[in-house]
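A.B. asks: Here's a structure for you.
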Amino acid sequence: MEATRYPAHWEADVVLLDGGTAHVRPIRPADADRLRSFYSRLSEESIYFRFFGPRPQLSDREITWFTNVDYADRVALIATIGTEMVAVIRYDRIEPGEAEVAFLVEDAHQGRGVASVLLEHLAETARERGIIRFVADVLPANQKMMGVLKQAGYTAQSRFADGVVRMTLDLTPTETSQEVTASREHRAEARSIERLLSPGSVAVVGAGREPGGVGQTVLRNLLGADFTGPVYPVHREARAVAGVRAYPSVTAIDGEVDLAVLAVPADGVIEVVKECAEKGVRGLIVVSSGFGETGPEGRARQDELVRIARAYGLRVVGPNCLGIANTDPAVRLNATLAATIPGRGRVGFFSQSGALGTALLQRVAQRGMGISSFVSAGNRADVSGNDLLQYWEEDPQTDVILLYLESLGNPRKFARLARRISRRKPIVVVKSGGTTQGVPTGHAAPVLGLPDTALSALFEQAGVIRVDDLIQQFDVAQLLAYQPLPAGPRVGLVGNSDALALLAVDACVSAGLEPRPPVNLGARAGAEEFGTALASLLPDVDAAVVIYMPPIPGRADEVAAELLRVSREGGKPVLATFEGQLGMLPELRVGVVPERGSIPSYAAPEEAVRALAHVVRHARWRDQPVGLPVETGDVDTPAARELVARVLEASGQAGPSPVTGGRGAVEIDATELLACYGLTVWSSEVVESPDEAVAAAERLGWPVVLKAADPEAAKRAGTVRLGLSGPDGVRDAYAGLKEQLGPEAVLAVQRMAPQPAVPAVVSVIDDPAFGAVVSFGLGEVTARLLRDEVYRLAPLTGEDAATMVRSPRGAPLLFGEYGYPPVAVEALEELLVRVGRLADDLPEVARLELDPVLVGESEVIVLGARVVLRSPEGPRVDAGPRRLG
């Protein structure tokens, strides 16, 4: 039979439990020989458990049956590593909504989590085809298969009859199944990065004999850092490089190779990757340039590099990157182009830019901060910041995470991970405005569809500290890595300079902190005076800034030691401007590794205060309860999904095409859809004459408003006539608006909402990178012009909704200020939660706009709503089963 084409998103690269990778895809008729080879490698026990009896080989008829499926009632997914098939899972529909499932994993690959990830993907595929339940007949001795089915997190039942256990899985996603998926993803991705950062051996391919070459530089840096494992230079001709025996190829190396650094010309990288795969290398660092940053040809070469590497189970850092480093004394890895690596510290550092990497590491070293590990991802074709977040979350040597990002690969996943990790380990991000590296393989370009303020808001929602530049990033990192979090905004100031103290006070006020009157000790103050002043100040503040700028140097060591002693006893964060130097007290020398409790020193008090303000806001975020999506009992999600499907079907846009995805979009009135989520839109009637306007007013009930029916025209000032209480007023208003807007203008009548009320706008946009994003702002013309809006990812927690209502600059109008009465804020928050639920439930909603929303003293009224629907191209970003990219 001719195979039906299947959706592109049914294929995926995945990370397995041990950190290796595999490719998941539907089986094809051309896989017949691959299936035979796979079957020949299975043990008798595996075959017996699958077929309930011995079956030495599959017949040609069985091979044809297993490899020819219709991708609807019969679906089979396989996992491949390299060119070999290592596992297969399949379902066969046995009745509407129910299918029988079975799987087989090659014995050599059992225990790597292959079956679990295949089950996740097959369950998603089955749900797309209308199957809501799997059944499996399992022999009682087949504990592995029963374990995979039970541990998936779905609601499972089992019964024993006729010597077989029949297991039934309800495929409806549950909180448990989602937690299981996230936990497995976390362990697998963390393990894949651990393998890169803690290799037992390293090969440098392209390590030339000429000093100054890229390969030899990496080799010398590895040797100079005293890497704890063997280092193998690879050169086609040389017998030794930098005094170390060289090998003509990776496959010629007589020991195992865990990590390979590739420093060969771009057109030779693919061949070396194949050699590394043959050798069993686990990870690659590609420092070579000539890939995605050079244009379409380089991008194609980069895509092929990643495809081959992932197919053979390798993760890739780069290409066009600086490399990676790990300061753990048990590893001592410097596989970078940077000769200077900071000492051991508590900070993990990810840089997307290779060009900036060397300068960044030098700055860290100059401050005496130290790092735990460092990754420069370059074009970020495979390994991304999200992978490093997974690793650093569990790394006991990392307390603070620094990210320099030029683009966000999977922003929705980043937000999910950051929201969890920030509760334990601060994340400090510098997000530049663009990328010089080309669009990375499998990753999105810089965020589309949303302003930069939205990105900042989404970082804030996830607890991420976003700073403007690298100097600020290091300023904040110094404080977070070595001092406790402040309990509040109260700041004590101790110093020997009135001028600098006043600058610190002004900086505190500007940053929203609460400075106490500064304590000026005078120019002659020494260690005893500084220690006494700080000790007396700390009990009444949340943090302290010490300014030590003596006119005659000479007693700095004594003062630093005393400040350190007092700050450790006080248990509160202490920062300093100590002789204008950058570094960590008590010693400001480069190369001295600070300890927990060391005091960060800044060049100026304003810089210290700025760093402290970032940390105070982060501590406040941590103190907030972990919000959960609010349950709303009167929501009818099935009805909403049926409505959306019906609308798309009627418009000819229903269902994604098998390969290319969505077919278009259709705009409709949102009234019926919002009703499924317990939200009412006040009706309005389009009118074409003064008489129709009067008749509509009679039906709707007086008083009424007459307004422009076109949503864009209605946003302009003067396009609404309010409080019309009789026919004459309606006729006059109709004539006036027609004269103002033109004879072709379309007008509408709507019942007058109670006054006073504050106008607001609530929107949803399905961003290509983030997915569903909810925005809120006031509806006044000035607020619209200034884009005074706030954004959050859907779904919204109660805390998210409360923050959104209070965040716009015009928010005081909602709380009884400037002559406005207090309005129904709680009802507004509930509306936001319901809109967030709708946005999360329905990926078909490309855009939703509630405009205007009137927030009155006792209720919230939606006067206008429209929605744009489109068939999605596949699962939402970061939705569905685990996948790389």
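By order in the structure tokens, chains are A, B, ...; within a chain, residues start at 1; ligands start at 1, following the order shown.
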Excluding region 142-146 of chain A and any residue of its chain fewer than 6 positions from it, enumerate the residues within 12 Å of it, using only C-alpha atoms, and give them as JSON, numbers by chain.

C.D. replies: {"A": [45, 46, 47, 48, 49, 50, 51, 52, 89, 101, 102, 103, 104, 105, 107, 110, 111, 113, 114, 115, 116, 119, 135, 136, 152, 156, 157, 158, 164, 165, 166, 167, 168, 169]}

A.B. asks: Can you tell me which residues surround Pro808 (chain A) at a distance of at most 10 Å, considering only C-alpha atoms, apart from same-chain residues fewer than 6 positions away, and format the answer as a list in words?

C.D. replies: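 Here the qualifying residues turn out to be Phe776, Gly777, Leu778, Ala783, Arg787, Asp788, Glu789 and Val790 of chain A.
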
A.B. asks: For the structure I just gave you, how does DSSP split region 457-527 of chain A - specifically, which residues are strand (DSSP E or B)? Reply as a PyMOL selection string.

C.D. replies: chain A and resi 465-467+490-495+514-515+519-520

A.B. asks: Those same residues - N, CA and C atoms - I'd like them written as a PDB file, in the first residue's frame.

C.D. replies:
```pdb
ATOM      1  N   ILE A 465      16.046  37.958  36.739  1.00  0.00           N
ATOM      2  CA  ILE A 465      16.568  39.314  36.894  1.00  0.00           C
ATOM      3  C   ILE A 465      17.152  39.743  35.549  1.00  0.00           C
ATOM      4  N   ARG A 466      16.470  40.652  34.876  1.00  0.00           N
ATOM      5  CA  ARG A 466      16.982  41.153  33.602  1.00  0.00           C
ATOM      6  C   ARG A 466      17.724  42.463  33.828  1.00  0.00           C
ATOM      7  N   VAL A 467      18.949  42.541  33.328  1.00  0.00           N
ATOM      8  CA  VAL A 467      19.761  43.755  33.468  1.00  0.00           C
ATOM      9  C   VAL A 467      20.101  44.273  32.085  1.00  0.00           C
ATOM     10  N   ARG A 490      14.863  48.382  53.209  1.00  0.00           N
ATOM     11  CA  ARG A 490      15.514  49.351  54.097  1.00  0.00           C
ATOM     12  C   ARG A 490      17.039  49.240  53.973  1.00  0.00           C
ATOM     13  N   VAL A 491      17.683  50.384  53.695  1.00  0.00           N
ATOM     14  CA  VAL A 491      19.123  50.382  53.426  1.00  0.00           C
ATOM     15  C   VAL A 491      19.828  51.306  54.409  1.00  0.00           C
ATOM     16  N   GLY A 492      20.835  50.778  55.088  1.00  0.00           N
ATOM     17  CA  GLY A 492      21.690  51.584  55.949  1.00  0.00           C
ATOM     18  C   GLY A 492      22.934  51.997  55.203  1.00  0.00           C
ATOM     19  N   LEU A 493      23.429  53.199  55.480  1.00  0.00           N
ATOM     20  CA  LEU A 493      24.604  53.736  54.795  1.00  0.00           C
ATOM     21  C   LEU A 493      25.643  54.161  55.822  1.00  0.00           C
ATOM     22  N   VAL A 494      26.859  53.660  55.685  1.00  0.00           N
ATOM     23  CA  VAL A 494      27.981  54.009  56.551  1.00  0.00           C
ATOM     24  C   VAL A 494      29.141  54.424  55.662  1.00  0.00           C
ATOM     25  N   GLY A 495      29.785  55.558  55.962  1.00  0.00           N
ATOM     26  CA  GLY A 495      30.904  55.969  55.122  1.00  0.00           C
ATOM     27  C   GLY A 495      31.731  57.066  55.724  1.00  0.00           C
ATOM     28  N   GLU A 514      14.563  52.238  50.443  1.00  0.00           N
ATOM     29  CA  GLU A 514      14.267  53.138  51.569  1.00  0.00           C
ATOM     30  C   GLU A 514      15.544  53.388  52.367  1.00  0.00           C
ATOM     31  N   PRO A 515      16.301  54.444  51.987  1.00  0.00           N
ATOM     32  CA  PRO A 515      17.572  54.699  52.686  1.00  0.00           C
ATOM     33  C   PRO A 515      17.356  55.331  54.058  1.00  0.00           C
ATOM     34  N   VAL A 519      25.406  57.461  58.018  1.00  0.00           N
ATOM     35  CA  VAL A 519      26.299  57.659  59.165  1.00  0.00           C
ATOM     36  C   VAL A 519      27.666  58.040  58.618  1.00  0.00           C
ATOM     37  N   ASN A 520      28.073  59.302  58.858  1.00  0.00           N
ATOM     38  CA  ASN A 520      29.361  59.782  58.366  1.00  0.00           C
ATOM     39  C   ASN A 520      30.399  59.668  59.478  1.00  0.00           C
TER      40      ASN A 520
END
```

A.B. asks: I'd like the neighbourhood of region 215-222 of chain A as a PyMOL selection string, where a residue qualifies if any of its atoms comes within 6 Å (using only C-alpha atoms), though same-chain residues fewer than 2 positions away should be ignored.

C.D. replies: chain A and resi 206-208+213+224-225+227+263+334-337+339

A.B. asks: Go ahead and dump the residues you just picked, C-alpha atoms, as an mmCIF file, in the first residue's frame.

C.D. replies:
```cif
data_model
loop_
_atom_site.group_PDB
_atom_site.id
_atom_site.type_symbol
_atom_site.label_atom_id
_atom_site.label_comp_id
_atom_site.auth_asym_id
_atom_site.auth_seq_id
_atom_site.Cartn_x
_atom_site.Cartn_y
_atom_site.Cartn_z
ATOM 1 C CA GLY A 206 42.585 20.051 13.986
ATOM 2 C CA ALA A 207 45.304 20.735 16.530
ATOM 3 C CA GLY A 208 47.949 22.089 14.149
ATOM 4 C CA GLY A 213 46.156 28.214 15.514
ATOM 5 C CA GLY A 224 47.583 24.435 30.870
ATOM 6 C CA ALA A 225 44.487 23.903 33.039
ATOM 7 C CA PHE A 227 42.822 18.549 32.740
ATOM 8 C CA ALA A 263 38.773 23.034 14.961
ATOM 9 C CA ASN A 334 39.373 24.459 29.849
ATOM 10 C CA ALA A 335 38.266 23.454 26.380
ATOM 11 C CA THR A 336 38.059 27.072 25.214
ATOM 12 C CA LEU A 337 40.045 29.592 23.206
ATOM 13 C CA ALA A 339 43.805 31.311 28.141
#
```

A.B. asks: DSSP says alpha helix (DSSP H) for which residues of region 142-211 of chain A? Put them as a PyMOL selection string?

C.D. replies: chain A and resi 143-150+175-197

A.B. asks: For the atom pair CA of Asp878 (chain A) and CA of Lys413 (chain A), what is the interatomic distance in Å to one decimal place?

C.D. replies: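 Separation of CA of Asp878 (chain A) and CA of Lys413 (chain A): 5.5 Å.
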
A.B. asks: What are the closest atom pairs, with distances in Å to one decimal, for each residue of region 397-516 of chain A lying within 9 Å of region 340-351 of chain A, using only C-alpha atoms, rows by chain and rising residue number, as a Markdown table?

C.D. replies:
```
| residue | atom | partner | partner_atom | distance |
| --- | --- | --- | --- | --- |
| A:Gln397 | CA | A:Arg346 | CA | 5.9 |
| A:Thr398 | CA | A:Arg346 | CA | 4.7 |
| A:Asp399 | CA | A:Arg346 | CA | 5.3 |
| A:Val400 | CA | A:Val347 | CA | 4.8 |
| A:Ile401 | CA | A:Gly348 | CA | 4.9 |
| A:Leu402 | CA | A:Phe349 | CA | 4.7 |
| A:Leu403 | CA | A:Phe350 | CA | 4.8 |
| A:Tyr404 | CA | A:Ser351 | CA | 4.7 |
| A:Leu405 | CA | A:Ser351 | CA | 6.6 |
| A:Glu406 | CA | A:Ser351 | CA | 8.9 |
| A:Ala477 | CA | A:Val347 | CA | 7.7 |
| A:Ala481 | CA | A:Arg346 | CA | 6.2 |
| A:Tyr482 | CA | A:Arg346 | CA | 8.4 |
```

A.B. asks: Find the residues around Gly153 (chain A) up to 9 Å (only C-alpha atoms counted), leave out those fewer than 3 positions away in its own chain, and share them as a ChimeraX atom specification.

C.D. replies: /A:149-150,156,173-181
